[in-house]
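Read through the structure below, which is laid out as structure tokens, and then see the notes.
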Amino acid sequence: MSEERSKIPRHVAIIMDGNGRWAKARRRPRTEGHRAGVNATRRVVRACADRGVEVLTVFAFSSENWQRPREEVSALMELFFFALRREARQLAKNGIRLRIIGDRAGFPERLQREIAAAEATTAGGDRMLFQVAANYGGRLDIVHAARVVARRVAAGELAPEDIDADTLAAHLSTAGQPDPDLFIRTGGEKRISNFLLWQLAYTELYFSDVLWPDFDSDELDRAFAFYARRERRFGKISEQLLDHA
Ligand code: IPE
Ligand code: IPE
Ligand code: MG
């Protein structure tokens with residue numbers, strides 16, 4: 001494996017932000033920004049798969065986004081519904097497996113059915129896992145994991161002193177996956193907004209001022225170049241990383 005290839009992040013996590021501002025700058029309704037955002041997502045999914053990324057997780061709708069104006073929330077649901085319907089077959093053709101993380105029970109039933117259908121259509125994809133966080137909150141993810149662990153303790157299957165970080169991680173929505181290597185947030189804000197809180201513990205953080213609808217493979221490559229220059233120490237010192245012990 002070449003040096004360059006080995007510096008490609010295995011798992012990329014993206015907060016796709018700035019759709020509203022993109023639309024506002026064009027004096028267009030916010031919904032139009034979301035629609036343009038879907039096109040950017042399609043481009044980035046393809047670019048990540050082409051570069052050999054194993055897992056791409058994007059934040060599409062947070063558990064806090066229900067607080068937006070009702071018309072915007074329903075426009076987002078519509079967009080999500082039609083994007084699933086339209087894209088699933090193409091994803092499957094490209095070997096990309098789609099998975100939705102977050103509380104899907106909070107969505108209208110019609111949308112839940114479309115989610116299940118798209119996941120089924122793409123289930124055979126083994127080139128990249130494309131994860132869409134929808135009605136997702138990082139704290140809630142940890143709360144749900146804690147509940148499952150608590151139930152196992154209450155049932156006598158697990159002793160409290162045997163709970164460690166791996167126990168919790170095994171019950172998160174990302175169980176079994178590598179933690180994100182690279183986090184990207186577009187739109188200029190420098191915050192996590194309740195995305196993958198636990199999983200981002202040692203992730204390299206990249207913030208871009210580009211608004212999501214303008215994000216393209218050149219921007220992605222800039223983020224990857226930033227990632228390739230990072231030295232990931234995980235608490236150690238630089239010299240220790242040279243030993244392969
Ligand atoms: C991100 O863009 C998309 C969603 C949160 C659904 P925004 O809609 O947050 O865009 P800005 O931040 O208002 O520009
Ligand atoms: C975060 O963006 C969630 C998504 C991109 C889906 P927001 O635009 O909702 O985040 P805040 O409110 O600016 O923190
Ligand atoms: Mg925003």
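Quick note on naming: the chains in the structure tokens go A, B, ... in the order shown, residues restart at 1 in each chain, and ligands are numbered from 1 in order of appearance.
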Neighbouring residues of stretch 158-174 of chain A were defined as those with any atom within 9 Å, considering only C-alpha atoms; residues of the same chain fewer than 6 positions away were excluded. Please report them as a PyMOL selection string. chain A and resi 101-102+141-142+144-146+148-150+152+198-199
Mind running chain A against ligand 1 at 8 Å and telling me each contacting residue's nearest atom pair with the distance in Å (one decimal), counting only C-alpha atoms and all ligand atoms, chain and number ascending, as CSV?
```
residue,atom,partner,partner_atom_place_in_ligand_line,distance
A:Ile15,CA,ligand 1,1 (C),7.6
A:Met16,CA,ligand 1,1 (C),5.4
A:Asp17,CA,ligand 1,1 (C),3.8
A:Gly18,CA,ligand 1,14 (O),3.3
A:Asn19,CA,ligand 1,10 (O),3.9
A:Gly20,CA,ligand 1,14 (O),3.6
A:Arg21,CA,ligand 1,14 (O),3.6
A:Trp22,CA,ligand 1,14 (O),6.3
A:Ala23,CA,ligand 1,14 (O),7.9
A:Arg30,CA,ligand 1,8 (O),7.0
A:Gly33,CA,ligand 1,8 (O),7.6
A:His34,CA,ligand 1,3 (C),6.4
A:Gly37,CA,ligand 1,3 (C),7.7
A:Phe59,CA,ligand 1,5 (C),7.8
A:Ala60,CA,ligand 1,6 (C),5.4
A:Phe61,CA,ligand 1,6 (C),5.0
A:Ser62,CA,ligand 1,5 (C),6.9
A:Asn65,CA,ligand 1,5 (C),6.5
A:Leu76,CA,ligand 1,6 (C),6.9
A:Gly187,CA,ligand 1,12 (O),6.6
A:Leu211,CA,ligand 1,14 (O),7.3
A:Trp212,CA,ligand 1,2 (O),7.2
```
Contacts of A:Tyr206 at 7 Å (only C-alpha atoms; same-chain gap of 2+ positions) as a PDB file with N, CA, C and O atoms, in the first residue's frame:
```
ATOM      1  N   PHE A 183     -13.161  14.345  10.489  1.00  0.00           N
ATOM      2  CA  PHE A 183     -14.452  15.031  10.627  1.00  0.00           C
ATOM      3  C   PHE A 183     -14.385  16.298   9.791  1.00  0.00           C
ATOM      4  O   PHE A 183     -13.386  17.016   9.839  1.00  0.00           O
ATOM      5  N   ILE A 184     -15.405  16.560   9.014  1.00  0.00           N
ATOM      6  CA  ILE A 184     -15.476  17.786   8.216  1.00  0.00           C
ATOM      7  C   ILE A 184     -16.762  18.511   8.573  1.00  0.00           C
ATOM      8  O   ILE A 184     -17.819  17.889   8.629  1.00  0.00           O
ATOM      9  N   ARG A 185     -16.653  19.804   8.862  1.00  0.00           N
ATOM     10  CA  ARG A 185     -17.873  20.612   8.957  1.00  0.00           C
ATOM     11  C   ARG A 185     -17.749  21.761   7.976  1.00  0.00           C
ATOM     12  O   ARG A 185     -16.784  22.516   8.026  1.00  0.00           O
ATOM     13  N   GLU A 204      -9.555  13.691  13.680  1.00  0.00           N
ATOM     14  CA  GLU A 204      -8.968  14.950  13.202  1.00  0.00           C
ATOM     15  C   GLU A 204     -10.117  15.836  12.713  1.00  0.00           C
ATOM     16  O   GLU A 204     -10.980  15.383  11.956  1.00  0.00           O
ATOM     17  N   SER A 208     -14.443  23.937   7.209  1.00  0.00           N
ATOM     18  CA  SER A 208     -14.371  24.640   5.927  1.00  0.00           C
ATOM     19  C   SER A 208     -15.442  25.734   5.898  1.00  0.00           C
ATOM     20  O   SER A 208     -16.560  25.531   6.373  1.00  0.00           O
ATOM     21  N   ALA A 223      -9.472  18.608   2.294  1.00  0.00           N
ATOM     22  CA  ALA A 223      -9.662  18.033   3.633  1.00  0.00           C
ATOM     23  C   ALA A 223      -8.786  16.780   3.802  1.00  0.00           C
ATOM     24  O   ALA A 223      -8.182  16.568   4.858  1.00  0.00           O
TER      25      ALA A 223
END
```
What's the 7 Å shell around stretch 192-195 of chain A, counting only C-alpha atoms, without same-chain residues fewer than 2 positions away, as a PDB file with N, CA, C and O atoms, in the first residue's frame?
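Dumped to selection_17.pdb:
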```pdb
ATOM      1  N   GLY A 137     -28.902  12.222  17.450  1.00  0.00           N
ATOM      2  CA  GLY A 137     -28.257  13.077  18.441  1.00  0.00           C
ATOM      3  C   GLY A 137     -27.191  12.247  19.141  1.00  0.00           C
ATOM      4  O   GLY A 137     -27.437  11.098  19.515  1.00  0.00           O
ATOM      5  N   GLY A 138     -26.008  12.807  19.281  1.00  0.00           N
ATOM      6  CA  GLY A 138     -24.899  12.074  19.889  1.00  0.00           C
ATOM      7  C   GLY A 138     -25.178  11.688  21.339  1.00  0.00           C
ATOM      8  O   GLY A 138     -24.856  10.579  21.777  1.00  0.00           O
ATOM      9  N   ARG A 139     -25.799  12.610  22.088  1.00  0.00           N
ATOM     10  CA  ARG A 139     -26.095  12.296  23.491  1.00  0.00           C
ATOM     11  C   ARG A 139     -27.110  11.169  23.582  1.00  0.00           C
ATOM     12  O   ARG A 139     -26.984  10.267  24.415  1.00  0.00           O
ATOM     13  N   LEU A 197     -20.686  12.251  19.303  1.00  0.00           N
ATOM     14  CA  LEU A 197     -19.870  12.743  20.422  1.00  0.00           C
ATOM     15  C   LEU A 197     -18.829  11.738  20.896  1.00  0.00           C
ATOM     16  O   LEU A 197     -17.660  12.050  21.046  1.00  0.00           O
TER      17      LEU A 197
END
```
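The shortest atom-to-atom distance to ligand 3, with only C-alpha atoms and all ligand atoms taken into account, belongs to A:Arg68 out of A:Arg229, A:Lys7, A:Arg68, A:Ala88.
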10 Å contact set for A:Pro9, only C-alpha atoms, chain neighbours under 3 positions out, as a ChimeraX atom specification: /A:5-6,12-13,48,51-56,180-183,204,224,227-228
Would you write out those residues with C-alpha atoms, as a PDB file, in the first residue's frame?
```pdb
ATOM      1  CA  ARG A   5      -3.153   5.498  -0.155  1.00  0.00           C
ATOM      2  CA  SER A   6      -2.532   4.646   3.480  1.00  0.00           C
ATOM      3  CA  VAL A  12     -15.129  10.218   7.237  1.00  0.00           C
ATOM      4  CA  ALA A  13     -17.860  12.049   9.177  1.00  0.00           C
ATOM      5  CA  CYS A  48     -15.316   9.124  -1.180  1.00  0.00           C
ATOM      6  CA  ARG A  51     -10.852   7.336  -3.023  1.00  0.00           C
ATOM      7  CA  GLY A  52     -11.271   4.156  -1.036  1.00  0.00           C
ATOM      8  CA  VAL A  53     -13.093   5.458   2.039  1.00  0.00           C
ATOM      9  CA  GLU A  54     -14.728   2.554   3.899  1.00  0.00           C
ATOM     10  CA  VAL A  55     -17.376   4.437   5.860  1.00  0.00           C
ATOM     11  CA  LEU A  56     -18.899   7.850   5.167  1.00  0.00           C
ATOM     12  CA  PRO A 180     -14.151   8.494  12.271  1.00  0.00           C
ATOM     13  CA  ASP A 181     -10.585   9.410  11.272  1.00  0.00           C
ATOM     14  CA  LEU A 182     -11.594  12.692   9.707  1.00  0.00           C
ATOM     15  CA  PHE A 183     -14.452  15.031  10.627  1.00  0.00           C
ATOM     16  CA  GLU A 204      -8.968  14.950  13.202  1.00  0.00           C
ATOM     17  CA  PHE A 224      -7.891  14.762   2.822  1.00  0.00           C
ATOM     18  CA  TYR A 227      -5.699  14.780   7.195  1.00  0.00           C
ATOM     19  CA  ALA A 228      -2.630  13.276   5.503  1.00  0.00           C
TER      20      ALA A 228
END
```
I'd like the contact shell of A:Phe234 - 12 Å cut-off, only C-alpha atoms, skipping same-chain residues fewer than 4 positions apart - returned as an mmCIF file with N, CA, C and O atoms, in the first residue's frame.
```cif
data_model
loop_
_atom_site.group_PDB
_atom_site.id
_atom_site.type_symbol
_atom_site.label_atom_id
_atom_site.label_comp_id
_atom_site.auth_asym_id
_atom_site.auth_seq_id
_atom_site.Cartn_x
_atom_site.Cartn_y
_atom_site.Cartn_z
ATOM 1 N N ASP A 181 -11.959 8.907 11.293
ATOM 2 C CA ASP A 181 -10.585 9.410 11.272
ATOM 3 C C ASP A 181 -10.595 10.898 10.989
ATOM 4 O O ASP A 181 -9.795 11.646 11.527
ATOM 5 N N ALA A 201 -13.830 11.141 19.610
ATOM 6 C CA ALA A 201 -12.841 11.403 20.670
ATOM 7 C C ALA A 201 -11.440 11.691 20.136
ATOM 8 O O ALA A 201 -10.756 12.586 20.626
ATOM 9 N N TYR A 202 -10.983 10.956 19.132
ATOM 10 C CA TYR A 202 -9.630 11.151 18.593
ATOM 11 C C TYR A 202 -9.610 11.488 17.102
ATOM 12 O O TYR A 202 -8.603 11.310 16.420
ATOM 13 N N THR A 203 -10.742 11.994 16.633
ATOM 14 C CA THR A 203 -10.860 12.310 15.198
ATOM 15 C C THR A 203 -10.157 13.622 14.862
ATOM 16 O O THR A 203 -10.161 14.552 15.667
ATOM 17 N N GLU A 204 -9.555 13.691 13.680
ATOM 18 C CA GLU A 204 -8.968 14.950 13.202
ATOM 19 C C GLU A 204 -10.117 15.836 12.713
ATOM 20 O O GLU A 204 -10.980 15.383 11.956
ATOM 21 N N ARG A 230 -1.527 15.266 9.243
ATOM 22 C CA ARG A 230 -1.663 15.175 10.702
ATOM 23 C C ARG A 230 -0.853 14.015 11.256
ATOM 24 O O ARG A 230 -0.711 12.978 10.613
ATOM 25 N N SER A 238 5.636 11.851 19.822
ATOM 26 C CA SER A 238 6.027 11.635 18.437
ATOM 27 C C SER A 238 7.018 10.482 18.254
ATOM 28 O O SER A 238 6.833 9.637 17.374
ATOM 29 N N GLN A 240 7.583 7.863 19.919
ATOM 30 C CA GLN A 240 7.039 6.512 20.140
ATOM 31 C C GLN A 240 6.356 5.973 18.888
ATOM 32 O O GLN A 240 6.262 4.773 18.697
ATOM 33 N N LEU A 241 5.876 6.886 18.052
ATOM 34 C CA LEU A 241 5.116 6.440 16.891
ATOM 35 C C LEU A 241 6.017 5.818 15.844
ATOM 36 O O LEU A 241 5.572 5.095 14.989
#
```
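Restricting the calculation to only C-alpha atoms and all ligand atoms, the smallest distance between ligand 2 and any of A:Glu64, A:Glu71, A:Glu32, A:Asp216 is found for A:Glu64.
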Would you pick out the contacts of A:Phe82 at 12 Å or less, using only C-alpha atoms, so that residues sharing its chain but fewer than 4 positions from it are not included, and give the list as a list in words? Arg35, Val38, Ala75, Leu76, Met77, Glu78, Arg86, Glu87, Ala88, Arg110, Leu111, Glu114, Ile115 and Ala118 of chain A
Selection from above, N, CA, C and O atoms, as a PDB file, in the first residue's frame, can you write it?
```pdb
ATOM      1  N   ARG A  35     -32.104  21.407  -1.489  1.00  0.00           N
ATOM      2  CA  ARG A  35     -32.121  20.625  -2.712  1.00  0.00           C
ATOM      3  C   ARG A  35     -30.723  20.602  -3.342  1.00  0.00           C
ATOM      4  O   ARG A  35     -30.232  19.553  -3.767  1.00  0.00           O
ATOM      5  N   VAL A  38     -28.462  18.188  -1.561  1.00  0.00           N
ATOM      6  CA  VAL A  38     -28.563  16.769  -1.948  1.00  0.00           C
ATOM      7  C   VAL A  38     -27.608  16.470  -3.103  1.00  0.00           C
ATOM      8  O   VAL A  38     -26.924  15.438  -3.122  1.00  0.00           O
ATOM      9  N   ALA A  75     -40.564  20.123   4.349  1.00  0.00           N
ATOM     10  CA  ALA A  75     -39.846  20.126   3.067  1.00  0.00           C
ATOM     11  C   ALA A  75     -38.636  19.187   3.145  1.00  0.00           C
ATOM     12  O   ALA A  75     -38.332  18.467   2.184  1.00  0.00           O
ATOM     13  N   LEU A  76     -37.968  19.168   4.290  1.00  0.00           N
ATOM     14  CA  LEU A  76     -36.816  18.274   4.450  1.00  0.00           C
ATOM     15  C   LEU A  76     -37.239  16.809   4.401  1.00  0.00           C
ATOM     16  O   LEU A  76     -36.557  15.970   3.802  1.00  0.00           O
ATOM     17  N   MET A  77     -38.401  16.503   5.017  1.00  0.00           N
ATOM     18  CA  MET A  77     -38.908  15.119   4.998  1.00  0.00           C
ATOM     19  C   MET A  77     -39.216  14.685   3.562  1.00  0.00           C
ATOM     20  O   MET A  77     -38.888  13.574   3.151  1.00  0.00           O
ATOM     21  N   GLU A  78     -39.849  15.586   2.807  1.00  0.00           N
ATOM     22  CA  GLU A  78     -40.172  15.298   1.402  1.00  0.00           C
ATOM     23  C   GLU A  78     -38.899  15.022   0.598  1.00  0.00           C
ATOM     24  O   GLU A  78     -38.815  14.059  -0.162  1.00  0.00           O
ATOM     25  N   ARG A  86     -35.043   7.966  -5.300  1.00  0.00           N
ATOM     26  CA  ARG A  86     -34.308   8.204  -6.538  1.00  0.00           C
ATOM     27  C   ARG A  86     -32.915   7.568  -6.538  1.00  0.00           C
ATOM     28  O   ARG A  86     -32.453   7.072  -7.550  1.00  0.00           O
ATOM     29  N   GLU A  87     -32.235   7.619  -5.376  1.00  0.00           N
ATOM     30  CA  GLU A  87     -30.803   7.285  -5.368  1.00  0.00           C
ATOM     31  C   GLU A  87     -30.497   5.822  -5.078  1.00  0.00           C
ATOM     32  O   GLU A  87     -29.402   5.354  -5.370  1.00  0.00           O
ATOM     33  N   ALA A  88     -31.421   5.106  -4.450  1.00  0.00           N
ATOM     34  CA  ALA A  88     -31.098   3.772  -3.934  1.00  0.00           C
ATOM     35  C   ALA A  88     -30.523   2.850  -5.006  1.00  0.00           C
ATOM     36  O   ALA A  88     -29.505   2.186  -4.785  1.00  0.00           O
ATOM     37  N   ARG A 110     -44.539   6.608   6.104  1.00  0.00           N
ATOM     38  CA  ARG A 110     -44.218   6.497   4.678  1.00  0.00           C
ATOM     39  C   ARG A 110     -42.704   6.609   4.482  1.00  0.00           C
ATOM     40  O   ARG A 110     -42.097   5.886   3.699  1.00  0.00           O
ATOM     41  N   LEU A 111     -42.098   7.522   5.232  1.00  0.00           N
ATOM     42  CA  LEU A 111     -40.656   7.730   5.134  1.00  0.00           C
ATOM     43  C   LEU A 111     -39.910   6.540   5.734  1.00  0.00           C
ATOM     44  O   LEU A 111     -38.906   6.077   5.184  1.00  0.00           O
ATOM     45  N   GLU A 114     -39.777   3.900   3.217  1.00  0.00           N
ATOM     46  CA  GLU A 114     -38.825   4.203   2.141  1.00  0.00           C
ATOM     47  C   GLU A 114     -37.387   3.955   2.626  1.00  0.00           C
ATOM     48  O   GLU A 114     -36.538   3.476   1.871  1.00  0.00           O
ATOM     49  N   ILE A 115     -37.131   4.271   3.879  1.00  0.00           N
ATOM     50  CA  ILE A 115     -35.799   4.026   4.465  1.00  0.00           C
ATOM     51  C   ILE A 115     -35.490   2.532   4.417  1.00  0.00           C
ATOM     52  O   ILE A 115     -34.431   2.102   3.954  1.00  0.00           O
ATOM     53  N   ALA A 118     -34.833   1.385   0.849  1.00  0.00           N
ATOM     54  CA  ALA A 118     -33.524   1.809   0.319  1.00  0.00           C
ATOM     55  C   ALA A 118     -32.404   0.990   0.959  1.00  0.00           C
ATOM     56  O   ALA A 118     -31.440   0.605   0.291  1.00  0.00           O
TER      57      ALA A 118
END
```
Can you list every residue in stretch 64-225 of chain A that DSSP puts in helix (DSSP H, G or I), as number ranges by chain? A: 65-67, 70-93, 104-106, 109-121, 138-154, 160-162, 165-169, 212-214, 217-225
Residues flagged strand (DSSP E or B) by DSSP in stretch 6-191 of chain A, as a ChimeraX atom specification: /A:11-15,55-62,96-101,128-136,182-185
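Between atom CA of A:Asp103 and atom 6 (C, counted along the ligand's line) of ligand 2 the interatomic distance comes to 13.7 Å.
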